[in-house]
Amino acid sequence: MKIKTTFLTAVLLALSFPVLGAEPPAVNSPAAQAVQAFYQFHFHHDIGFGEKSLKAREKWIDAGLYDLLTKELKKPQTPDEVPDIDGDPFTGSQEYPNAIRVTKATESGDTADVAVVFEWPKGGNPPRPATIQLRKDAKSGSWKIADIVLAGGYDLAKDLKQNLSKK
């Protein structure tokens, strides 16, 4: 009987400690929730980069980034050339991921960085880490996406500014 009690006590104690590798509490922050809400919408609606799909995402995007994306869409394109944005600007990919996993969120004043991993169906691209940079909107107080930076050099805002400065 004493062995059973000791075993049961050990199991209950083990279950009371946080699970190794569990998501940190910061993942439930308002900035992380804004990122999750954006990508939940993004993955379940028209993911193509166009005026209508961009307008549908406006409430989640910082005014500065939204302006850059709008200017990119309005930029004259030559029909025989690949556009500067070829694919999904919000995941930096031509092959669309089907999920996002938030791994960490750090809020400081009116800015936040949310670390995520984009994931593809099994057999697709390997998981790709990214940082979603947010800015708190002064009027609404809500978090808005200001930039998307992927491991490997993709920086949406920086790339848009460079594309728009091309002649």
# chains A, B, ... in the order shown; residues from 1 in each chain; ligands from 1
>>> closest_atom_pairs(of="range 36-82 of chain A", to="range 144-163 of chain A", cutoff="10 Å", atoms="only C-alpha atoms", output="CSV")
residue,atom,partner,partner_atom,distance
A:Phe38,CA,A:Ile145,CA,8.9
A:Glu58,CA,A:Lys144,CA,9.2
A:Lys59,CA,A:Lys144,CA,7.6
A:Trp60,CA,A:Lys144,CA,4.9
A:Ile61,CA,A:Ile145,CA,4.7
A:Asp62,CA,A:Lys144,CA,4.8
A:Ala63,CA,A:Ala146,CA,8.0
A:Gly64,CA,A:Ala146,CA,7.1
A:Leu65,CA,A:Ala146,CA,5.6
A:Tyr66,CA,A:Ala146,CA,8.4
A:Leu68,CA,A:Leu160,CA,6.3
A:Leu69,CA,A:Leu160,CA,7.2
A:Lys71,CA,A:Leu160,CA,8.9
A:Glu72,CA,A:Leu160,CA,7.0
A:Lys75,CA,A:Asn163,CA,9.6
>>> write_last_selection(atoms="N, CA and C atoms", output="compact mmCIF listing (two decimals), in the first residue's frame")
# COMPACT_ATOMS: atom_id res chain seq x y z
N PHE A 38 -4.61 37.29 -37.13
CA PHE A 38 -4.31 37.65 -38.52
C PHE A 38 -4.10 36.41 -39.39
N GLU A 58 -6.64 44.78 -43.66
CA GLU A 58 -6.21 46.11 -43.22
C GLU A 58 -6.25 46.30 -41.71
N LYS A 59 -7.24 45.74 -41.03
CA LYS A 59 -7.37 45.99 -39.59
C LYS A 59 -6.20 45.42 -38.78
N TRP A 60 -5.42 44.51 -39.37
CA TRP A 60 -4.29 43.90 -38.66
C TRP A 60 -2.94 44.51 -39.05
N ILE A 61 -2.94 45.41 -40.05
CA ILE A 61 -1.67 45.90 -40.60
C ILE A 61 -1.45 47.37 -40.23
N ASP A 62 -0.24 47.67 -39.75
CA ASP A 62 0.16 49.02 -39.40
C ASP A 62 0.05 49.93 -40.63
N ALA A 63 -0.32 51.18 -40.40
CA ALA A 63 -0.55 52.12 -41.50
C ALA A 63 0.67 52.25 -42.42
N GLY A 64 1.88 52.28 -41.85
CA GLY A 64 3.09 52.41 -42.68
C GLY A 64 3.29 51.22 -43.60
N LEU A 65 3.11 50.01 -43.08
CA LEU A 65 3.25 48.81 -43.91
C LEU A 65 2.11 48.72 -44.92
N TYR A 66 0.93 49.07 -44.50
CA TYR A 66 -0.23 49.03 -45.41
C TYR A 66 0.00 49.98 -46.59
N LEU A 68 2.92 50.92 -47.83
CA LEU A 68 3.93 50.32 -48.72
C LEU A 68 3.32 49.22 -49.59
N LEU A 69 2.47 48.37 -48.99
CA LEU A 69 1.83 47.29 -49.74
C LEU A 69 0.89 47.84 -50.81
N LYS A 71 1.12 50.81 -52.31
CA LYS A 71 1.96 51.39 -53.37
C LYS A 71 2.54 50.30 -54.26
N GLU A 72 2.93 49.17 -53.65
CA GLU A 72 3.47 48.06 -54.45
C GLU A 72 2.42 47.53 -55.42
N LYS A 75 1.96 49.93 -58.38
CA LYS A 75 3.13 50.14 -59.22
C LYS A 75 2.91 49.48 -60.59
>>> closest_atom_pairs(of="range 52-110 of chain A", to="range 122-135 of chain A", cutoff="12 Å", atoms="only C-alpha atoms", output="Markdown table")
| residue | atom | partner | partner_atom | distance |
| --- | --- | --- | --- | --- |
| A:Trp60 | CA | A:Leu134 | CA | 9.5 |
| A:Ile61 | CA | A:Leu134 | CA | 8.6 |
| A:Asp62 | CA | A:Arg135 | CA | 6.8 |
| A:Ala63 | CA | A:Arg135 | CA | 9.8 |
| A:Gly64 | CA | A:Arg135 | CA | 10.1 |
| A:Leu65 | CA | A:Leu134 | CA | 10.4 |
| A:Phe90 | CA | A:Ile132 | CA | 9.4 |
| A:Thr91 | CA | A:Ala130 | CA | 8.6 |
| A:Gly92 | CA | A:Ala130 | CA | 9.6 |
| A:Ser93 | CA | A:Asn125 | CA | 9.9 |
| A:Gln94 | CA | A:Asn125 | CA | 10.8 |
| A:Glu95 | CA | A:Asn125 | CA | 8.2 |
| A:Tyr96 | CA | A:Asn125 | CA | 9.4 |
| A:Pro97 | CA | A:Asn125 | CA | 8.2 |
| A:Asn98 | CA | A:Gly124 | CA | 10.1 |
| A:Ala99 | CA | A:Pro127 | CA | 9.7 |
| A:Ile100 | CA | A:Pro127 | CA | 9.3 |
| A:Arg101 | CA | A:Pro129 | CA | 9.2 |
| A:Val102 | CA | A:Thr131 | CA | 9.6 |
| A:Thr103 | CA | A:Pro129 | CA | 9.4 |
| A:Lys104 | CA | A:Thr131 | CA | 9.4 |
| A:Ala105 | CA | A:Ile132 | CA | 9.3 |
| A:Thr106 | CA | A:Gln133 | CA | 9.8 |
| A:Glu107 | CA | A:Leu134 | CA | 8.9 |
| A:Ser108 | CA | A:Arg135 | CA | 9.8 |
| A:Gly109 | CA | A:Arg135 | CA | 9.1 |
| A:Asp110 | CA | A:Arg135 | CA | 5.6 |
>>> closest_residue(among="A:Phe118, A:Asp137, A:Trp143, A:Gly48", to="Ala34 in chain A", atoms="only C-alpha atoms")
A:Trp143
>>> atom_distance(atom1="CA of Val117 in chain A", atom2="CA of Ala56 in chain A")
23.3 Å
>>> closest_residue(among="A:Lys166, A:Thr78, A:Phe43, A:Leu73", to="Trp120 in chain A", atoms="only C-alpha atoms")
A:Phe43
>>> atom_distance(atom1="CA of Ala112 in chain A", atom2="CA of Tyr39 in chain A")
16.6 Å
